[in-house]
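Let me begin by presenting the structure, written as C-alpha cells, before commenting on it.
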2 protein chains.
Amino acid sequence: MSITIKQIAKDLQLAISTVSKALRDSHEISAATKARVFAYVSEVDYTPNPYASSLKGRRSGNIAVVLPEVADSFFSEAINGIEKVAQEKGYHVMVYLTHDDAKKEQAIVRDFRNGRVDGALISIASDSQDHRHLFDLSSRNIPVVFFDRICAEVDTASVVTNDYQCGYDATQYLISKGCKNIAFLSLFDDLQIIKNRREGFRRAVLESTLDAHKDMILYLTNDETKNKEKISELLSAKNRPDGIIGSVEKVTTQAYDVCNNLAISIPNDIKIIGFSHLQIAHLLNPSLTTITQPAFEMGKTASTLLFKSLEKKNTAIAREQIVIPSVLIPRGSTG
Amino acid sequence: MSITIKQIAKDLQLAISTVSKALRDSHEISAATKARVFAYVSEVDYTPNPYASSLKGRRSGNIAVVLPEVADSFFSEAINGIEKVAQEKGYHVMVYLTHDDAKKEQAIVRDFRNGRVDGALISIASDSQDHRHLFDLSSRNIPVVFFDRICAEVDTASVVTNDYQCGYDATQYLISKGCKNIAFLSLFDDLQIIKNRREGFRRAVLESTLDAHKDMILYLTNDETKNKEKISELLSAKNRPDGIIGSVEKVTTQAYDVCNNLAISIPNDIKIIGFSHLQIAHLLNPSLTTITQPAFEMGKTASTLLFKSLEKKNTAIAREQIVIPSVLIPRGSTG
DNA sequence: ATGAAAGCGCTAACAT
DNA sequence: ATGTTAGCGCTTTCAT
C-alpha cells in the first residue's frame, strides 16, 4: 500500500490528528510543525486516500455523467466541457452510457446512492418513462443537474438549448429556401427536447402558407436499419418531402445515406438541416447545414452548477432552467 | 445519509457482522437469516457504500481511462468498448482528458495513487517524455494497460493495432493508385504508434520504384491553424505531393480543408488516406479512404485485460502486446 | 499547540 | 450459526 497519514505521524513523531490538521492547514497547528509536515509529505509524495475522508461525511470528489451514448458529437463535446471544469475544480468524472436503455439507466443511477459519487449530470435515456430513480437521488442528497435531455419533473436545475425556437427557425429556413413539403425526423415521443424541436417545427408549418396537413413527422428509434427503411419509404413516396429536419445527429446522417442510396440529390431534390455538433459538417457531401448546439458550453454550465451546489453544505439545487442558444449554420445541404 | 449495514443490523436485531456475512452469502450464515436480510435489504433498498469496503483492502470498483481527447472518433469508440465491459463486470469508469499535455497527464495519474481507482487504461499524451508517473503506478500496485498510444518502457500489457503494417499498406495502396510523390502527415516525434506508421510508410517508399529521397514527412502539432499553414505550404510547392497519408484523424480532415481552400481536387489532383474511425467517412466529400482502427475492440480488449488482473490478488500484469489489425477501406478520396 | 479517542461503513479474524 | 472486536485511513471533538 501507499503511505498513510499514520505512517507520517510515526515518522515525524507526531500524533495522527496533528498531521491531519497540519495538512488541512488548521490554525491550531504551529507554523513550524506545518512546515515539517508539508516538507515530509512532499518528500515521500503522499496523497490522501480520498475515500477514507469521504467516509467522514466529506465528499468523494467524484461526479457521475450519464449519457445515452458517446458516438454523438454533442455528447463527446459535452464530456469535454464537463471534464474541463471538473479538472479545474479538482473533481473526477465517472462516465456512464445508457445506450438509451431505461433499465440500464435505472441500474446505473441506483448505484449512485451510497457515496459512490457526490452528484450527477444526467442526459436521460430517450425511452426513460419511470423517473423514480431520478427523484430518488435528490431525496438522498445527491444533487443532479440535467442537461440537454432533461427530466422536467424533478425539481432541480437543467441546462438546455433553445430547442423550440430552433425547430421553428430550421423550418422557416427551409421554407425560405423554397421547401414546400418538409419532413421532421423525430425520435421516440418521450424526450422533451425532441418534443420542443418538433413543436417548433409544427408551429412554423402552421404559420406558413404550406398545407398544414402536410407536416410529416417520422418517428425513429435507435435501430439504424429500421430507421433507414422508414426514411427510404418516406423518400420513395410519390409526394416525397423536399426538405428534411433531422432532430438528432444520427438520423440526419442516416437521411444522407438514404438519399445516396436512392440517388436523391441534396440539395437539388431535397434540402437537409440537422441538429448536430459535428466538427466536420462542412466536409460532408454536400456540406451539412446544422443547428449547432453549444455542447461544450452546456457541459461547462451544467457542471459549474453542480459544483457550486457541492461546495455548499446544503446541496439542494433550486429549480432553474438555463437556456444556451444554438446557432443555425447554413451550408450546402440547404442549397 | 442513506441506510447502512449498522441500521439494518439494528432493525433486524442481528450483529453487524452477521448482516455483512449474509450479504456476501457466507456459508456460515443460516438460510433463514440470509432470507431475512435479503428481504429487508431489498425492502429498504440498501446499497453498500463502496468506499467503506474499499478501505478494508477491497477494491473501489473504479478504473481510470486516460485519453488525449474525446473529439477523435477513435477515442470515443474506445470509451464505448471500455464502458461496455466495465458495466458488465460491475466496474465504474472515470474519464480523464490530457489534451496531449504531459504536465496534465502527470497530475492526473499522480492522483491515482491512493485508492481513487483500482487500475488504469492509458493512451499517453503525445508530448509525454518523462514517464516516471507511469512507472510509479505499477510500483504502487495500480495495474495499468496501455492502449493505442502505449508507453513501451513500462512493463505491462498493451493493446495496439498493426500500425507499421498499416503505414506500409496505406503507402502501397496509394502507389497502386498511381501516386508518385507521397507525403506523410505525422505528429510529434515521440509517439510509438506514429513512429510505427511512419516507418511503415518509409519502408514502402524505399521498396518502391519511387525516388526514396522524395518521402515527405510533415510534423504537425495540436495547433490547427499552424498545421493548416504547414499543409498549405506543402501543397503549394511546385512539386507538391500527389498522395497524402494522415497519421491521425485530425490531420486528415485538416488536409481536406486545405485542399478545399486551395481548390485542389481530391482524388484527381491528390489522393488522401487517413487513420481514423469516423463513422461517416463515407459521407465526406469525397468519401474518405480510411485505415479503420478497431477502436471498440481495442477498448474492450484493454479493459478485459485490466479486469482480469483486478480479479486476482496479485494484480501484476505480464508484459504482453496484443495486436488487433486495422482494415483499409477504399473510398472516393483515393480515386 | 499537540494528542487521545471515537467513529464514518464495512470486513474479517476470533470468540462463543 | 451468531456475535464481539479490531481496524482500514481519515477527521473531529475533546482533553491536555
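Lettering and numbering for the C-alpha cells are positional, with chains as A, B, ... in the shown order, residues counted from 1 in each chain, and ligands counted from 1 in the shown order.
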
*Every residue of range 61-115 of chain B that DSSP places in alpha helix (DSSP H), as a PyMOL selection string*: chain B and resi 73-89+102-110

Using only C-alpha atoms (C1' of nucleotides), I'd like every residue of chain B that has an atom within 9 Å of chain D; please write them out as a compact mmCIF listing (two decimals) with C-alpha atoms, in the first residue's frame.
# COMPACT_ATOMS: atom_id res chain seq x y z
CA LEU B 14 -28.67 -9.02 14.36
CA ALA B 15 -24.99 -8.36 14.72
CA ILE B 16 -23.43 -6.14 12.11
CA SER B 17 -21.09 -8.89 11.07
CA THR B 18 -23.95 -11.29 10.62
CA GLU B 28 -21.64 -19.69 7.93
CA ILE B 29 -24.97 -17.92 7.92
CA SER B 30 -28.24 -19.85 8.05
CA ALA B 52 -16.16 1.83 3.10
CA SER B 53 -15.26 -1.61 1.88
CA SER B 54 -12.51 -0.21 -0.30
CA LEU B 55 -10.81 0.86 2.90
CA LYS B 56 -10.60 -2.71 4.03
CA GLY B 57 -8.23 -3.64 1.26

Write out chain A, as a short mmCIF file (atom, residue, chain, number, x, y, z; two decimals) with C-alpha atoms, in the first residue's frame, after superposing it onto chain B by least squares using every C-alpha atom paired in order.
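Saved the output as superposed_14.cif:
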data_model
loop_
_atom_site.label_atom_id
_atom_site.label_comp_id
_atom_site.auth_asym_id
_atom_site.auth_seq_id
_atom_site.Cartn_x
_atom_site.Cartn_y
_atom_site.Cartn_z
CA MET A 1 -27.60 9.80 4.60
CA SER A 2 -28.60 6.52 3.17
CA ILE A 3 -29.28 3.39 5.10
CA THR A 4 -26.26 1.53 6.41
CA ILE A 5 -25.47 -1.97 7.44
CA LYS A 6 -25.55 -0.80 11.01
CA GLN A 7 -29.11 0.36 10.67
CA ILE A 8 -30.09 -2.93 9.12
CA ALA A 9 -28.48 -4.83 11.97
CA LYS A 10 -30.41 -2.73 14.45
CA ASP A 11 -33.72 -3.12 12.64
CA LEU A 12 -33.24 -6.85 12.32
CA GLN A 13 -31.83 -7.31 15.80
CA LEU A 14 -28.69 -8.82 14.42
CA ALA A 15 -25.02 -8.10 14.83
CA ILE A 16 -23.43 -5.92 12.21
CA SER A 17 -21.04 -8.67 11.30
CA THR A 18 -23.88 -11.11 10.81
CA VAL A 19 -25.51 -8.81 8.32
CA SER A 20 -22.24 -8.24 6.56
CA LYS A 21 -21.60 -11.94 6.26
CA ALA A 22 -25.13 -12.62 5.15
CA LEU A 23 -24.76 -10.05 2.42
CA ARG A 24 -21.60 -11.70 1.20
CA ASP A 25 -23.42 -15.02 1.31
CA SER A 26 -21.06 -16.51 3.84
CA HIS A 27 -21.46 -20.20 4.59
CA GLU A 28 -21.44 -19.52 8.29
CA ILE A 29 -24.80 -17.80 8.19
CA SER A 30 -28.04 -19.77 8.32
CA ALA A 31 -30.30 -19.80 5.33
CA ALA A 32 -33.08 -18.33 7.42
CA THR A 33 -31.04 -15.34 8.49
CA LYS A 34 -29.77 -14.75 5.00
CA ALA A 35 -33.31 -14.76 3.73
CA ARG A 36 -34.36 -12.28 6.38
CA VAL A 37 -31.45 -10.00 5.56
CA PHE A 38 -31.94 -10.12 1.81
CA ALA A 39 -35.63 -9.49 2.16
CA TYR A 40 -35.06 -6.46 4.34
CA VAL A 41 -32.27 -5.17 2.17
CA SER A 42 -34.39 -5.17 -0.91
CA GLU A 43 -37.29 -3.70 1.04
CA VAL A 44 -35.33 -0.68 2.20
CA ASP A 45 -33.34 -0.64 -1.02
CA TYR A 46 -29.94 -0.79 0.56
CA THR A 47 -26.74 -0.35 -1.43
CA PRO A 48 -23.41 -0.73 0.33
CA ASN A 49 -21.06 2.18 0.42
CA PRO A 50 -18.35 1.07 -1.98
CA TYR A 51 -15.70 3.23 -0.42
CA ALA A 52 -16.17 1.89 3.07
CA SER A 53 -15.26 -1.55 1.88
CA SER A 54 -12.50 -0.18 -0.32
CA LEU A 55 -10.82 0.91 2.90
CA LYS A 56 -10.59 -2.64 4.08
CA GLY A 57 -8.28 -3.62 1.29
CA ARG A 58 -11.11 -4.35 -1.05
CA ARG A 59 -11.50 -2.54 -4.30
CA SER A 60 -13.20 0.74 -5.09
CA GLY A 61 -14.59 -0.73 -8.28
CA ASN A 62 -13.41 2.31 -10.23
CA ILE A 63 -11.01 2.31 -13.11
CA ALA A 64 -9.46 5.27 -14.85
CA VAL A 65 -9.35 5.86 -18.57
CA VAL A 66 -6.81 8.44 -19.61
CA LEU A 67 -7.15 9.81 -23.10
CA PRO A 68 -5.63 12.64 -25.10
CA GLU A 69 -9.05 13.80 -26.24
CA VAL A 70 -12.57 12.69 -26.88
CA ALA A 71 -13.23 14.54 -30.11
CA ASP A 72 -11.31 11.95 -32.09
CA SER A 73 -13.67 9.20 -33.12
CA PHE A 74 -11.13 6.56 -32.22
CA PHE A 75 -11.23 7.55 -28.59
CA SER A 76 -14.98 7.88 -28.30
CA GLU A 77 -15.38 4.41 -29.73
CA ALA A 78 -12.73 3.12 -27.37
CA ILE A 79 -14.65 4.57 -24.41
CA ASN A 80 -17.66 2.79 -25.76
CA GLY A 81 -15.88 -0.55 -25.69
CA ILE A 82 -14.37 0.06 -22.29
CA GLU A 83 -17.62 1.18 -20.74
CA LYS A 84 -19.45 -1.81 -22.09
CA VAL A 85 -17.11 -4.31 -20.48
CA ALA A 86 -16.96 -2.27 -17.30
CA GLN A 87 -20.73 -2.27 -16.99
CA GLU A 88 -20.81 -6.01 -17.47
CA LYS A 89 -18.16 -6.54 -14.84
CA GLY A 90 -19.66 -4.06 -12.40
CA TYR A 91 -16.84 -1.58 -12.68
CA HIS A 92 -17.11 2.17 -12.97
CA VAL A 93 -15.24 4.23 -15.49
CA MET A 94 -13.55 7.53 -14.70
CA VAL A 95 -12.57 9.50 -17.77
CA TYR A 96 -9.65 11.90 -17.89
CA LEU A 97 -8.55 14.04 -20.81
CA THR A 98 -4.95 15.14 -21.12
CA HIS A 99 -5.36 17.24 -24.25
CA ASP A 100 -1.93 15.91 -25.10
CA ASP A 101 -0.41 17.83 -22.26
CA ALA A 102 2.25 15.83 -20.42
CA LYS A 103 1.99 18.02 -17.34
CA LYS A 104 -1.71 17.37 -17.12
CA GLU A 105 -1.17 13.70 -17.64
CA GLN A 106 1.24 13.59 -14.76
CA ALA A 107 -1.10 15.43 -12.45
CA ILE A 108 -3.96 13.16 -13.39
CA VAL A 109 -2.03 9.95 -12.99
CA ARG A 110 -0.49 11.07 -9.72
CA ASP A 111 -3.97 11.24 -8.34
CA PHE A 112 -4.53 7.54 -8.91
CA ARG A 113 -2.11 6.48 -6.28
CA ASN A 114 -4.18 6.45 -3.20
CA GLY A 115 -7.14 4.24 -3.78
CA ARG A 116 -9.10 6.47 -6.09
CA VAL A 117 -9.05 3.83 -8.81
CA ASP A 118 -8.14 0.17 -8.86
CA GLY A 119 -6.45 0.29 -12.22
CA ALA A 120 -6.02 2.40 -15.31
CA LEU A 121 -6.29 2.23 -19.07
CA ILE A 122 -3.98 4.77 -20.62
CA SER A 123 -3.36 6.19 -24.03
CA ILE A 124 -0.47 8.53 -23.41
CA ALA A 125 -0.16 12.17 -24.32
CA SER A 126 1.83 12.68 -27.45
CA ASP A 127 4.32 14.97 -25.80
CA SER A 128 4.75 12.68 -22.84
CA GLN A 129 8.49 12.26 -22.36
CA ASP A 130 9.11 11.63 -18.73
CA HIS A 131 7.29 8.48 -17.82
CA ARG A 132 8.04 8.26 -14.13
CA HIS A 133 4.44 8.82 -13.19
CA LEU A 134 3.55 5.73 -15.19
CA PHE A 135 6.17 3.51 -13.61
CA ASP A 136 4.98 4.81 -10.32
CA LEU A 137 1.59 3.22 -10.73
CA SER A 138 2.86 -0.30 -11.12
CA SER A 139 5.08 0.13 -8.12
CA ARG A 140 1.99 1.06 -6.14
CA ASN A 141 0.09 -1.96 -7.33
CA ILE A 142 -2.20 -0.02 -9.60
CA PRO A 143 -2.24 -2.18 -12.71
CA VAL A 144 -2.14 -0.37 -16.02
CA VAL A 145 -2.96 -1.45 -19.53
CA PHE A 146 -1.90 0.81 -22.35
CA PHE A 147 -3.84 1.00 -25.53
CA ASP A 148 -3.17 2.66 -28.85
CA ARG A 149 -0.65 5.21 -27.62
CA ILE A 150 1.41 2.92 -25.48
CA CYS A 151 4.40 3.47 -23.26
CA ALA A 152 6.65 0.57 -24.19
CA GLU A 153 9.03 1.18 -21.31
CA VAL A 154 6.56 0.16 -18.67
CA ASP A 155 6.38 -3.54 -18.09
CA THR A 156 2.74 -4.35 -18.66
CA ALA A 157 0.19 -5.36 -21.24
CA SER A 158 -0.76 -3.16 -24.14
CA VAL A 159 -3.25 -3.26 -26.95
CA VAL A 160 -2.39 -1.77 -30.30
CA THR A 161 -3.24 -2.09 -33.90
CA ASN A 162 -0.79 -3.13 -36.60
CA ASP A 163 0.48 0.38 -37.16
CA TYR A 164 3.65 -0.44 -39.04
CA GLN A 165 1.86 -2.72 -41.46
CA CYS A 166 -0.89 -0.18 -41.98
CA GLY A 167 1.57 2.59 -42.71
CA TYR A 168 3.13 0.26 -45.21
CA ASP A 169 -0.17 -0.83 -46.73
CA ALA A 170 -1.52 2.69 -46.97
CA THR A 171 1.56 3.74 -48.86
CA GLN A 172 1.46 0.78 -51.19
CA TYR A 173 -2.19 1.43 -51.79
CA LEU A 174 -1.49 5.00 -52.83
CA ILE A 175 1.32 3.80 -55.05
CA SER A 176 -1.00 1.26 -56.65
CA LYS A 177 -3.33 4.15 -57.34
CA GLY A 178 -0.58 5.92 -59.24
CA CYS A 179 0.87 8.24 -56.63
CA LYS A 180 4.51 9.10 -57.21
CA ASN A 181 5.09 11.60 -54.49
CA ILE A 182 3.55 10.81 -51.17
CA ALA A 183 3.54 12.93 -48.04
CA PHE A 184 3.05 11.57 -44.56
CA LEU A 185 1.33 13.88 -42.09
CA SER A 186 2.97 12.94 -38.83
CA LEU A 187 2.56 14.14 -35.29
CA PHE A 188 5.21 14.90 -32.70
CA ASP A 189 8.11 12.54 -32.87
CA ASP A 190 7.47 10.86 -29.55
CA LEU A 191 4.55 8.58 -30.08
CA GLN A 192 5.29 4.96 -30.78
CA ILE A 193 2.21 4.44 -32.91
CA ILE A 194 3.00 7.38 -35.14
CA LYS A 195 6.58 6.21 -35.44
CA ASN A 196 5.39 2.78 -36.50
CA ARG A 197 2.99 4.16 -39.06
CA ARG A 198 5.73 6.40 -40.34
CA GLU A 199 8.28 3.63 -40.53
CA GLY A 200 5.83 1.51 -42.47
CA PHE A 201 5.47 4.43 -44.83
CA ARG A 202 9.22 4.84 -45.15
CA ARG A 203 9.74 1.19 -45.78
CA ALA A 204 7.13 1.11 -48.52
CA VAL A 205 8.66 4.14 -50.19
CA LEU A 206 12.08 2.56 -49.98
CA GLU A 207 10.90 -0.67 -51.53
CA SER A 208 9.09 1.13 -54.28
CA THR A 209 10.43 2.58 -57.47
CA LEU A 210 9.67 6.02 -56.11
CA ASP A 211 12.55 8.29 -55.46
CA ALA A 212 13.28 7.52 -51.85
CA HIS A 213 14.50 11.03 -51.26
CA LYS A 214 11.09 12.27 -52.01
CA ASP A 215 9.52 10.76 -48.93
CA MET A 216 7.98 13.77 -47.34
CA ILE A 217 7.13 13.85 -43.70
CA LEU A 218 5.37 16.79 -42.17
CA TYR A 219 5.48 17.09 -38.40
CA LEU A 220 2.31 18.58 -37.06
CA THR A 221 1.01 19.49 -33.62
CA ASN A 222 -2.30 20.16 -31.93
CA ASP A 223 -2.34 23.71 -33.21
CA GLU A 224 -4.89 23.52 -35.98
CA THR A 225 -4.03 26.89 -37.46
CA LYS A 226 -0.34 26.15 -37.68
CA ASN A 227 -0.99 22.69 -39.05
CA LYS A 228 -3.07 24.11 -41.85
CA GLU A 229 -0.39 26.65 -42.63
CA LYS A 230 2.19 23.91 -42.88
CA ILE A 231 -0.05 21.75 -45.00
CA SER A 232 -0.86 24.73 -47.22
CA GLU A 233 2.80 25.35 -47.69
CA LEU A 234 3.37 21.74 -48.60
CA LEU A 235 0.52 21.73 -51.09
CA SER A 236 1.53 25.04 -52.63
CA ALA A 237 5.06 23.92 -53.43
CA LYS A 238 5.78 23.34 -57.07
CA ASN A 239 6.42 19.63 -56.66
CA ARG A 240 3.54 19.15 -54.36
CA PRO A 241 2.63 15.63 -53.32
CA ASP A 242 0.04 13.66 -55.22
CA GLY A 243 -0.76 11.50 -52.23
CA ILE A 244 -1.25 12.12 -48.53
CA ILE A 245 -1.37 9.81 -45.55
CA GLY A 246 -2.95 11.27 -42.45
CA SER A 247 -1.51 9.62 -39.37
CA VAL A 248 -4.46 10.59 -37.20
CA GLU A 249 -8.00 11.71 -37.86
CA LYS A 250 -7.45 15.36 -37.13
CA VAL A 251 -4.64 15.97 -39.56
CA THR A 252 -6.56 14.15 -42.24
CA THR A 253 -9.59 16.41 -42.02
CA GLN A 254 -7.23 19.35 -41.87
CA ALA A 255 -5.74 18.21 -45.16
CA TYR A 256 -9.25 18.11 -46.60
CA ASP A 257 -9.79 21.68 -45.50
CA VAL A 258 -6.57 22.85 -47.05
CA CYS A 259 -7.35 21.12 -50.32
CA ASN A 260 -10.70 22.83 -50.38
CA ASN A 261 -9.11 26.19 -49.69
CA LEU A 262 -6.51 25.75 -52.39
CA ALA A 263 -9.01 24.25 -54.81
CA ILE A 264 -6.95 21.11 -55.09
CA SER A 265 -9.18 18.31 -56.23
CA ILE A 266 -9.32 15.09 -54.26
CA PRO A 267 -8.69 12.52 -55.70
CA ASN A 268 -7.76 13.99 -59.09
CA ASP A 269 -4.93 16.25 -58.03
CA ILE A 270 -4.15 14.46 -54.82
CA LYS A 271 -5.21 11.25 -53.13
CA ILE A 272 -5.80 11.05 -49.40
CA ILE A 273 -5.94 8.19 -46.97
CA GLY A 274 -6.28 8.57 -43.24
CA PHE A 275 -6.07 6.61 -40.02
CA SER A 276 -9.49 7.12 -38.54
CA HIS A 277 -12.56 5.55 -37.09
CA LEU A 278 -15.02 8.06 -38.49
CA GLN A 279 -18.45 6.51 -38.86
CA ILE A 280 -19.29 8.96 -41.57
CA ALA A 281 -16.11 8.71 -43.61
CA HIS A 282 -18.31 7.62 -46.49
CA LEU A 283 -20.28 10.86 -46.34
CA LEU A 284 -17.32 13.17 -46.79
CA ASN A 285 -16.68 15.02 -49.98
CA PRO A 286 -15.19 12.96 -51.42
CA SER A 287 -15.70 9.93 -49.23
CA LEU A 288 -12.55 9.27 -47.27
CA THR A 289 -10.45 6.17 -47.71
CA THR A 290 -9.56 5.09 -44.21
CA ILE A 291 -7.44 2.73 -42.28
CA THR A 292 -10.11 1.95 -39.80
CA GLN A 293 -8.83 1.06 -36.40
CA PRO A 294 -10.66 -1.50 -34.31
CA ALA A 295 -11.37 1.12 -31.66
CA PHE A 296 -14.25 -0.60 -29.93
CA GLU A 297 -12.42 -3.92 -29.92
CA MET A 298 -9.27 -2.35 -28.59
CA GLY A 299 -11.19 -0.74 -25.76
CA LYS A 300 -12.90 -4.00 -24.96
CA THR A 301 -9.68 -5.98 -25.06
CA ALA A 302 -7.72 -3.53 -22.96
CA SER A 303 -10.39 -3.34 -20.29
CA THR A 304 -10.85 -7.09 -20.27
CA LEU A 305 -7.14 -7.48 -19.61
CA LEU A 306 -7.33 -4.99 -16.80
CA PHE A 307 -10.35 -6.57 -15.17
CA LYS A 308 -8.76 -9.98 -15.38
CA SER A 309 -5.85 -8.64 -13.41
CA LEU A 310 -8.10 -6.88 -10.91
CA GLU A 311 -9.92 -10.07 -10.13
CA LYS A 312 -6.72 -11.70 -8.95
CA LYS A 313 -4.99 -11.04 -5.66
CA ASN A 314 -1.72 -10.26 -7.36
CA THR A 315 -2.67 -7.62 -9.85
CA ALA A 316 0.67 -7.56 -11.64
CA ILE A 317 0.23 -7.76 -15.39
CA ALA A 318 2.76 -9.58 -17.51
CA ARG A 319 4.22 -7.74 -20.44
CA GLU A 320 2.23 -8.68 -23.47
CA GLN A 321 1.35 -6.91 -26.65
CA ILE A 322 -1.96 -7.64 -28.26
CA VAL A 323 -2.29 -6.57 -31.85
CA ILE A 324 -5.71 -6.11 -33.38
CA PRO A 325 -5.46 -5.40 -37.08
CA SER A 326 -6.97 -2.38 -38.75
CA VAL A 327 -8.62 -2.57 -42.11
CA LEU A 328 -8.10 -0.42 -45.14
CA ILE A 329 -11.41 0.69 -46.58
CA PRO A 330 -11.06 2.16 -50.07
CA ARG A 331 -13.34 5.08 -50.82
CA GLY A 332 -13.48 8.06 -53.07
CA SER A 333 -10.52 10.05 -51.78
CA THR A 334 -8.09 7.66 -53.40
CA GLY A 335 -9.80 7.66 -56.74
#

_Based on only C-alpha atoms (C1' of nucleotides), which of the residues in chain C come within 9 Å of chain B? I want them as a PyMOL selection string._
chain C and resi 8-12

Please, could you write that set of residues out with N, CA and C atoms (P, O5', C5', C4', C3', O3' and C1' of nucleotides) as a PDB file, in the first residue's frame?
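out-v2.pdb was written with the following content:
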ATOM      1  P    DC C   8     -20.422   6.431  13.565  1.00  0.00           P
ATOM      2  O5'  DC C   8     -20.422   6.742  12.013  1.00  0.00           O
ATOM      3  C5'  DC C   8     -20.258   8.052  11.478  1.00  0.00           C
ATOM      4  C4'  DC C   8     -19.540   7.933  10.154  1.00  0.00           C
ATOM      5  C3'  DC C   8     -19.884   6.649   9.408  1.00  0.00           C
ATOM      6  O3'  DC C   8     -20.932   6.911   8.482  1.00  0.00           O
ATOM      7  C1'  DC C   8     -17.508   7.128   9.374  1.00  0.00           C
ATOM      8  P    DG C   9     -22.168   6.008   8.442  1.00  0.00           P
ATOM      9  O5'  DG C   9     -21.637   4.723   7.666  1.00  0.00           O
ATOM     10  C5'  DG C   9     -21.289   4.839   6.296  1.00  0.00           C
ATOM     11  C4'  DG C   9     -20.692   3.529   5.844  1.00  0.00           C
ATOM     12  C3'  DG C   9     -21.577   2.311   6.118  1.00  0.00           C
ATOM     13  O3'  DG C   9     -21.666   1.566   4.916  1.00  0.00           O
ATOM     14  C1'  DG C   9     -19.403   1.966   6.981  1.00  0.00           C
ATOM     15  P    DC C  10     -22.322   0.137   4.883  1.00  0.00           P
ATOM     16  O5'  DC C  10     -21.046  -0.804   5.013  1.00  0.00           O
ATOM     17  C5'  DC C  10     -20.083  -0.790   3.963  1.00  0.00           C
ATOM     18  C4'  DC C  10     -18.860  -1.532   4.401  1.00  0.00           C
ATOM     19  C3'  DC C  10     -19.049  -3.029   4.633  1.00  0.00           C
ATOM     20  O3'  DC C  10     -18.566  -3.721   3.486  1.00  0.00           O
ATOM     21  C1'  DC C  10     -17.630  -2.006   6.269  1.00  0.00           C
ATOM     22  P    DT C  11     -18.661  -5.319   3.485  1.00  0.00           P
ATOM     23  O5'  DT C  11     -17.322  -5.775   4.208  1.00  0.00           O
ATOM     24  C5'  DT C  11     -16.098  -5.458   3.587  1.00  0.00           C
ATOM     25  C4'  DT C  11     -14.963  -6.091   4.362  1.00  0.00           C
ATOM     26  C3'  DT C  11     -15.024  -7.615   4.471  1.00  0.00           C
ATOM     27  O3'  DT C  11     -13.695  -8.061   4.263  1.00  0.00           O
ATOM     28  C1'  DT C  11     -14.883  -6.678   6.634  1.00  0.00           C
ATOM     29  P    DA C  12     -13.377  -9.588   4.000  1.00  0.00           P
ATOM     30  O5'  DA C  12     -12.686  -9.994   5.365  1.00  0.00           O
ATOM     31  C5'  DA C  12     -11.689  -9.137   5.889  1.00  0.00           C
ATOM     32  C4'  DA C  12     -11.198  -9.714   7.189  1.00  0.00           C
ATOM     33  C3'  DA C  12     -11.250 -11.241   7.263  1.00  0.00           C
ATOM     34  O3'  DA C  12     -10.216 -11.650   8.136  1.00  0.00           O
ATOM     35  C1'  DA C  12     -12.659 -10.375   8.890  1.00  0.00           C
TER      36       DA C  12
END

*Using DSSP on the backbone coordinates, identify all residues within range 47-278 of chain B classified as strand (DSSP E); present the result as a ChimeraX atom specification.*
/B:62-67,92-97,119-122,144-147,157-160,182-186,216-219,243-246,271-276

Residues from last step as file, C-alpha atoms, as a PDB file, in the first residue's frame:
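Final file, out34.pdb:
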ATOM      1  CA  ASN B  62     -13.374   2.329 -10.185  1.00  0.00           C
ATOM      2  CA  ILE B  63     -10.967   2.337 -13.071  1.00  0.00           C
ATOM      3  CA  ALA B  64      -9.430   5.309 -14.790  1.00  0.00           C
ATOM      4  CA  VAL B  65      -9.339   5.896 -18.514  1.00  0.00           C
ATOM      5  CA  VAL B  66      -6.794   8.485 -19.551  1.00  0.00           C
ATOM      6  CA  LEU B  67      -7.130   9.847 -23.056  1.00  0.00           C
ATOM      7  CA  HIS B  92     -17.072   2.197 -12.901  1.00  0.00           C
ATOM      8  CA  VAL B  93     -15.206   4.268 -15.438  1.00  0.00           C
ATOM      9  CA  MET B  94     -13.520   7.552 -14.649  1.00  0.00           C
ATOM     10  CA  VAL B  95     -12.551   9.534 -17.709  1.00  0.00           C
ATOM     11  CA  TYR B  96      -9.624  11.947 -17.826  1.00  0.00           C
ATOM     12  CA  LEU B  97      -8.529  14.067 -20.760  1.00  0.00           C
ATOM     13  CA  GLY B 119      -6.402   0.332 -12.182  1.00  0.00           C
ATOM     14  CA  ALA B 120      -5.986   2.437 -15.268  1.00  0.00           C
ATOM     15  CA  LEU B 121      -6.257   2.282 -19.031  1.00  0.00           C
ATOM     16  CA  ILE B 122      -3.965   4.819 -20.572  1.00  0.00           C
ATOM     17  CA  VAL B 144      -2.105  -0.321 -15.986  1.00  0.00           C
ATOM     18  CA  VAL B 145      -2.920  -1.410 -19.503  1.00  0.00           C
ATOM     19  CA  PHE B 146      -1.864   0.865 -22.314  1.00  0.00           C
ATOM     20  CA  PHE B 147      -3.817   1.058 -25.498  1.00  0.00           C
ATOM     21  CA  ALA B 157       0.232  -5.297 -21.212  1.00  0.00           C
ATOM     22  CA  SER B 158      -0.728  -3.101 -24.107  1.00  0.00           C
ATOM     23  CA  VAL B 159      -3.216  -3.201 -26.917  1.00  0.00           C
ATOM     24  CA  VAL B 160      -2.356  -1.725 -30.266  1.00  0.00           C
ATOM     25  CA  ILE B 182       3.530  10.765 -51.196  1.00  0.00           C
ATOM     26  CA  ALA B 183       3.516  12.896 -48.070  1.00  0.00           C
ATOM     27  CA  PHE B 184       3.046  11.558 -44.581  1.00  0.00           C
ATOM     28  CA  LEU B 185       1.325  13.877 -42.118  1.00  0.00           C
ATOM     29  CA  SER B 186       2.969  12.954 -38.855  1.00  0.00           C
ATOM     30  CA  MET B 216       7.985  13.750 -47.396  1.00  0.00           C
ATOM     31  CA  ILE B 217       7.138  13.851 -43.764  1.00  0.00           C
ATOM     32  CA  LEU B 218       5.360  16.791 -42.230  1.00  0.00           C
ATOM     33  CA  TYR B 219       5.499  17.099 -38.470  1.00  0.00           C
ATOM     34  CA  GLY B 243      -0.796  11.452 -52.248  1.00  0.00           C
ATOM     35  CA  ILE B 244      -1.270  12.089 -48.537  1.00  0.00           C
ATOM     36  CA  ILE B 245      -1.378   9.788 -45.561  1.00  0.00           C
ATOM     37  CA  GLY B 246      -2.962  11.262 -42.462  1.00  0.00           C
ATOM     38  CA  LYS B 271      -5.260  11.187 -53.136  1.00  0.00           C
ATOM     39  CA  ILE B 272      -5.828  11.017 -49.403  1.00  0.00           C
ATOM     40  CA  ILE B 273      -5.966   8.152 -46.957  1.00  0.00           C
ATOM     41  CA  GLY B 274      -6.287   8.554 -43.227  1.00  0.00           C
ATOM     42  CA  PHE B 275      -6.053   6.613 -39.985  1.00  0.00           C
ATOM     43  CA  SER B 276      -9.474   7.127 -38.493  1.00  0.00           C
TER      44      SER B 276
END
